[in-house]
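Working notes, structure below.
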Amino acid sequence: MRPTSIPRVSLTKSIHNRFSSIFHPPLPLSPIESRKFLSLVKESFRDQLDASTPKVSPIENHFSQIFAAAAQSSEITATDGLGKEERIKKFLNDPIGVINEQMLLGKATVDLAAICLTRHAKLQRDAGAGAGAGAVEVNQQNGRGPVAFVLEGLRKAGLGTPGELLKSRKLVEAVTYTLVVEGRESVILRWVRASEAEVSLAVRQTVLKVGIFHVRRMHGWKRAEDLFRRVMAGVRENQGRFTLQAHCVTGLELCKAGVEDGFSGSPEFSRLIRSSVHWTVHRQQQAMVHLRYGKMTAVGVKYFDDLSHREEEFWERSGAFWYHKCSKLAMELVLECLAQNQLKEAEMITELLKRRFVGKVAGLDPESVGAKFDAGRAGVEKKKIAPEPESGEQSSDLQGILNGLG
């Protein structure tokens with residue numbers, strides 16, 4: 001028989017593996033170590049790529065791609081003999097001049113107009129004054145701002161009336177952003193207050209939301225609140241109680257932003273809370289705004305007191321969603337009433353929960369609601385005797401029910 005070579009092969013592999021482990025250590029075996037190693041490899045690759053690639057800002061890269069694609073599809077036609085790179089530079093420095101050229105050639109599009117207006121607004125914002133020399137020249141020659149100039153140019157190019165053009169959300173957002181940068185909030189007010197025949201409801205909602213967002217970001221929360229207050233004043237004068245969901249959403253976002261920006265104790269914030277009677281859709285929302293953002297209970301207490309006197313028919317036709325939302329608000333209100341030592345009000349709401357909501361909302365039963373209210377009231381009485389109880393002791397049981405409601 002021929003001697004086998006298996007032991008020799010095994011020995012050779014063993015020696016090879018030993019030296020390989022010295023010069024090429026094995027990869028980490030645990031998932032955490034593997035992810036960490038992969039992250040280091042990616043970071044090293046990015047560093048090498050950045051070192052070998054010229055620095056280009058994200059916006060320049062974005063618009064370079066747009067104009068490169070447009071040049072290949074002949075969407076943008078050059079008449080001044082400029083090459084692709086020169087035209088990109090012209091766009092970055094004089095976007096209004098670019099859209100003006102395309103409108104004169106009949107090659108403009110609504111999307112291109114939106115891009116150019118946005119670029120123009122960013123130039124103005126960064127410079128604190130006019131944008132490119134070409135844009136200023138165009139505006140001075142026509143005696144109007146860039147928004148009116150572009151909308152009129154698009155109309156003359158046969159792309160539609162301003163009302164039809166503004167059906168494009170991209171253009172509406174670009175127009176609103178430009179108006180905010182230029183400080184022309186009076187135009188935003190006029191559009192939001194316009195009739196349905198002049199400006200569609202969808203456009204008015206977008207102008208309001210985008211306008212408030214950019215005013216807050218650029219000029220601060222107080223100025224955004226002031227703009228919203230003037231919007232609602234015009235709505236009340238022209239249409240009475242305005243119940244559009246868009247106004248309610250904007251008002252709630254402003255409340256949240258006021259807390260985030262540190263204005264919850266300011267007179268302007270209190271004014272916004274009080275004005276919720278005009279921009280909330282129904283009384284339950286108004287009570288929620290007063291409670292969650294102002295720690296005020298009067299509106300909510302009055303709401304549930306009125307509910308306690310409603311006819312049986314009202315309770316029968318109310319849906320499961322309403323019961324759930326209303327019971328959650330009721331529990332929050334009970335917590336705040338207990339915290340403010342409003343025992344009578346808290347007891348009234350608790351009795352209403354036991355009488356009308358138990359059996360309609362999962363997680364509520366009369367025994368537990370009553371027992372936990374008694375525990376909360378006992379905590380308040382204990383606080384009167386000993387002014388330094390453990391934090392949250394008087395309402396922890398009710399908070400447990402509230403958490404269970406989701």
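Following the order of the structure tokens, chains are lettered A, B, ..., residues in each are numbered from 1, and ligands are numbered from 1.
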
Using DSSP assignments from the backbone, pull out every residue in segment 144-333 of chain A that falls under helix (DSSP H, G or I) and give it to me as a ChimeraX atom specification.
/A:146-156,162-165,169-181,185-193,201-219,221-239,245-260,267-274,276-279,283-294,298-307,312-317,320-333

Hey, what's within 10 Å of segment 188-195 of chain A if we count only C-alpha atoms and toss same-chain stuff fewer than 6 positions away? As an MDAnalysis selection string, please?
chainID A and resid 175:176 179:180 201 203:208 211:212 227:228 230:235 238:239

Selection to disk with N, CA, C and O atoms, as an mmCIF file, in the first residue's frame:
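File produced: result_16.cif:
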```
data_model
loop_
_atom_site.group_PDB
_atom_site.id
_atom_site.type_symbol
_atom_site.label_atom_id
_atom_site.label_comp_id
_atom_site.auth_asym_id
_atom_site.auth_seq_id
_atom_site.Cartn_x
_atom_site.Cartn_y
_atom_site.Cartn_z
ATOM 1 N N VAL A 175 -43.329 79.539 -4.162
ATOM 2 C CA VAL A 175 -43.865 80.903 -4.122
ATOM 3 C C VAL A 175 -43.988 81.394 -2.685
ATOM 4 O O VAL A 175 -43.588 82.524 -2.350
ATOM 5 N N THR A 176 -44.540 80.553 -1.808
ATOM 6 C CA THR A 176 -44.722 80.943 -0.406
ATOM 7 C C THR A 176 -43.381 81.175 0.273
ATOM 8 O O THR A 176 -43.200 82.146 1.022
ATOM 9 N N LEU A 179 -41.993 84.515 -0.816
ATOM 10 C CA LEU A 179 -42.699 85.631 -0.178
ATOM 11 C C LEU A 179 -42.223 85.823 1.261
ATOM 12 O O LEU A 179 -42.063 86.952 1.732
ATOM 13 N N VAL A 180 -41.997 84.724 1.972
ATOM 14 C CA VAL A 180 -41.521 84.829 3.362
ATOM 15 C C VAL A 180 -40.123 85.434 3.396
ATOM 16 O O VAL A 180 -39.836 86.314 4.213
ATOM 17 N N LEU A 201 -59.192 76.041 -2.151
ATOM 18 C CA LEU A 201 -59.015 75.691 -0.745
ATOM 19 C C LEU A 201 -57.676 74.992 -0.510
ATOM 20 O O LEU A 201 -56.970 75.281 0.457
ATOM 21 N N VAL A 203 -54.891 75.284 -2.150
ATOM 22 C CA VAL A 203 -53.796 76.260 -2.233
ATOM 23 C C VAL A 203 -53.737 77.097 -0.968
ATOM 24 O O VAL A 203 -52.658 77.337 -0.405
ATOM 25 N N ARG A 204 -54.884 77.540 -0.474
ATOM 26 C CA ARG A 204 -54.898 78.355 0.749
ATOM 27 C C ARG A 204 -54.343 77.580 1.936
ATOM 28 O O ARG A 204 -53.605 78.121 2.764
ATOM 29 N N GLN A 205 -54.692 76.309 2.039
ATOM 30 C CA GLN A 205 -54.183 75.489 3.131
ATOM 31 C C GLN A 205 -52.659 75.342 3.048
ATOM 32 O O GLN A 205 -51.961 75.445 4.055
ATOM 33 N N THR A 206 -52.145 75.101 1.836
ATOM 34 C CA THR A 206 -50.702 74.946 1.664
ATOM 35 C C THR A 206 -49.969 76.245 1.966
ATOM 36 O O THR A 206 -48.928 76.245 2.642
ATOM 37 N N VAL A 207 -50.498 77.362 1.474
ATOM 38 C CA VAL A 207 -49.872 78.666 1.722
ATOM 39 C C VAL A 207 -49.816 78.951 3.218
ATOM 40 O O VAL A 207 -48.788 79.417 3.743
ATOM 41 N N LEU A 208 -50.898 78.652 3.924
ATOM 42 C CA LEU A 208 -50.927 78.890 5.367
ATOM 43 C C LEU A 208 -49.887 78.038 6.082
ATOM 44 O O LEU A 208 -49.074 78.553 6.867
ATOM 45 N N GLY A 211 -46.255 78.883 4.894
ATOM 46 C CA GLY A 211 -45.907 80.233 5.323
ATOM 47 C C GLY A 211 -45.578 80.306 6.806
ATOM 48 O O GLY A 211 -44.563 80.875 7.204
ATOM 49 N N ILE A 212 -46.428 79.707 7.638
ATOM 50 C CA ILE A 212 -46.189 79.710 9.084
ATOM 51 C C ILE A 212 -44.883 78.982 9.409
ATOM 52 O O ILE A 212 -44.087 79.429 10.246
ATOM 53 N N LEU A 227 -48.563 86.240 12.608
ATOM 54 C CA LEU A 227 -49.130 86.004 11.283
ATOM 55 C C LEU A 227 -50.384 85.147 11.380
ATOM 56 O O LEU A 227 -51.401 85.433 10.734
ATOM 57 N N PHE A 228 -50.334 84.102 12.184
ATOM 58 C CA PHE A 228 -51.503 83.237 12.349
ATOM 59 C C PHE A 228 -52.672 84.002 12.973
ATOM 60 O O PHE A 228 -53.825 83.827 12.570
ATOM 61 N N ARG A 230 -53.305 87.186 12.650
ATOM 62 C CA ARG A 230 -53.888 88.060 11.621
ATOM 63 C C ARG A 230 -54.687 87.262 10.598
ATOM 64 O O ARG A 230 -55.717 87.730 10.092
ATOM 65 N N VAL A 231 -54.222 86.050 10.298
ATOM 66 C CA VAL A 231 -54.986 85.181 9.394
ATOM 67 C C VAL A 231 -56.356 84.884 9.981
ATOM 68 O O VAL A 231 -57.388 85.025 9.317
ATOM 69 N N MET A 232 -56.388 84.496 11.262
ATOM 70 C CA MET A 232 -57.659 84.142 11.887
ATOM 71 C C MET A 232 -58.555 85.353 12.078
ATOM 72 O O MET A 232 -59.778 85.243 12.006
ATOM 73 N N ALA A 233 -57.973 86.530 12.295
ATOM 74 C CA ALA A 233 -58.787 87.748 12.415
ATOM 75 C C ALA A 233 -59.508 88.020 11.109
ATOM 76 O O ALA A 233 -60.697 88.354 11.100
ATOM 77 N N GLY A 234 -58.806 87.843 9.984
ATOM 78 C CA GLY A 234 -59.454 88.035 8.691
ATOM 79 C C GLY A 234 -60.518 86.998 8.419
ATOM 80 O O GLY A 234 -61.569 87.299 7.850
ATOM 81 N N VAL A 235 -60.283 85.768 8.842
ATOM 82 C CA VAL A 235 -61.273 84.702 8.654
ATOM 83 C C VAL A 235 -62.536 85.009 9.442
ATOM 84 O O VAL A 235 -63.655 84.855 8.948
ATOM 85 N N ASN A 238 -64.628 87.777 7.772
ATOM 86 C CA ASN A 238 -65.254 87.469 6.491
ATOM 87 C C ASN A 238 -66.199 86.274 6.532
ATOM 88 O O ASN A 238 -67.174 86.230 5.794
ATOM 89 N N GLN A 239 -65.914 85.306 7.407
ATOM 90 C CA GLN A 239 -66.666 84.060 7.332
ATOM 91 C C GLN A 239 -67.198 83.570 8.682
ATOM 92 O O GLN A 239 -67.739 82.490 8.761
#
```

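Distance annotation: of A:Met348, A:Ala108, A:Ala371, A:Leu353, the residue with the minimal separation from Gly158 of chain A is A:Ala108; atom set is only C-alpha atoms.
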
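Relative to atom CA of Ser186 of chain A, atom CA of Ser270 of chain A is found at 24.3 Å.
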
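Here the question is which of A:Lys90, A:Ala114, A:Met296, A:Gly106 gets nearest to Ala339 of chain A using only C-alpha atoms, and that residue is A:Met296.
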
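Put simply, atom CA of Ser368 of chain A is 24.9 Å away from atom CA of Gln284 of chain A.
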
Please report the interatomic distance between atom CA of Glu347 of chain A and atom CA of Tyr293 of chain A in Å with one decimal.
22.7 Å

Fewer than 6 positions away in the same chain doesn't count, so skip those; otherwise give me all residues within 12 Å of Trp322 of chain A, counting only C-alpha atoms, as a short mmCIF file (atom, residue, chain, number, x, y, z; two decimals) with N, CA, C and O atoms, in the first residue's frame.
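The resulting out_34.cif:
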```cif
data_model
loop_
_atom_site.label_atom_id
_atom_site.label_comp_id
_atom_site.auth_asym_id
_atom_site.auth_seq_id
_atom_site.Cartn_x
_atom_site.Cartn_y
_atom_site.Cartn_z
N GLN A 284 -64.36 69.85 22.06
CA GLN A 284 -63.44 68.88 22.66
C GLN A 284 -61.99 69.24 22.35
O GLN A 284 -61.12 69.15 23.21
N GLN A 285 -61.73 69.67 21.10
CA GLN A 285 -60.37 70.10 20.73
C GLN A 285 -59.97 71.35 21.50
O GLN A 285 -58.83 71.48 21.95
N PHE A 314 -78.12 61.35 22.20
CA PHE A 314 -76.76 61.78 21.89
C PHE A 314 -75.77 60.67 22.18
O PHE A 314 -74.88 60.37 21.38
N TRP A 315 -75.90 60.02 23.31
CA TRP A 315 -74.95 58.98 23.71
C TRP A 315 -75.09 57.74 22.84
O TRP A 315 -74.12 57.04 22.58
N GLU A 316 -76.29 57.48 22.36
CA GLU A 316 -76.52 56.30 21.53
C GLU A 316 -75.90 56.47 20.14
O GLU A 316 -75.43 55.50 19.55
N LYS A 328 -60.25 59.69 27.21
CA LYS A 328 -58.84 60.01 27.47
C LYS A 328 -58.70 61.46 27.93
O LYS A 328 -57.97 61.76 28.87
N LEU A 329 -59.42 62.37 27.25
CA LEU A 329 -59.41 63.77 27.68
C LEU A 329 -59.95 63.91 29.09
O LEU A 329 -59.42 64.67 29.92
N ALA A 330 -61.01 63.16 29.40
CA ALA A 330 -61.60 63.22 30.74
C ALA A 330 -60.61 62.79 31.81
O ALA A 330 -60.49 63.44 32.86
N PHE A 357 -69.30 56.20 30.22
CA PHE A 357 -68.19 55.67 29.42
C PHE A 357 -67.84 54.22 29.76
O PHE A 357 -67.28 53.53 28.94
N LYS A 360 -68.32 51.26 27.32
CA LYS A 360 -68.11 51.76 25.97
C LYS A 360 -66.62 51.81 25.61
O LYS A 360 -66.26 51.79 24.43
N VAL A 361 -65.77 51.89 26.64
CA VAL A 361 -64.32 52.03 26.43
C VAL A 361 -63.61 50.89 27.15
O VAL A 361 -63.83 50.68 28.35
#
```

For Ile349 of chain A, the closest of A:His282, A:Lys302, A:Arg271, A:Lys84 counting only C-alpha atoms is A:Lys302
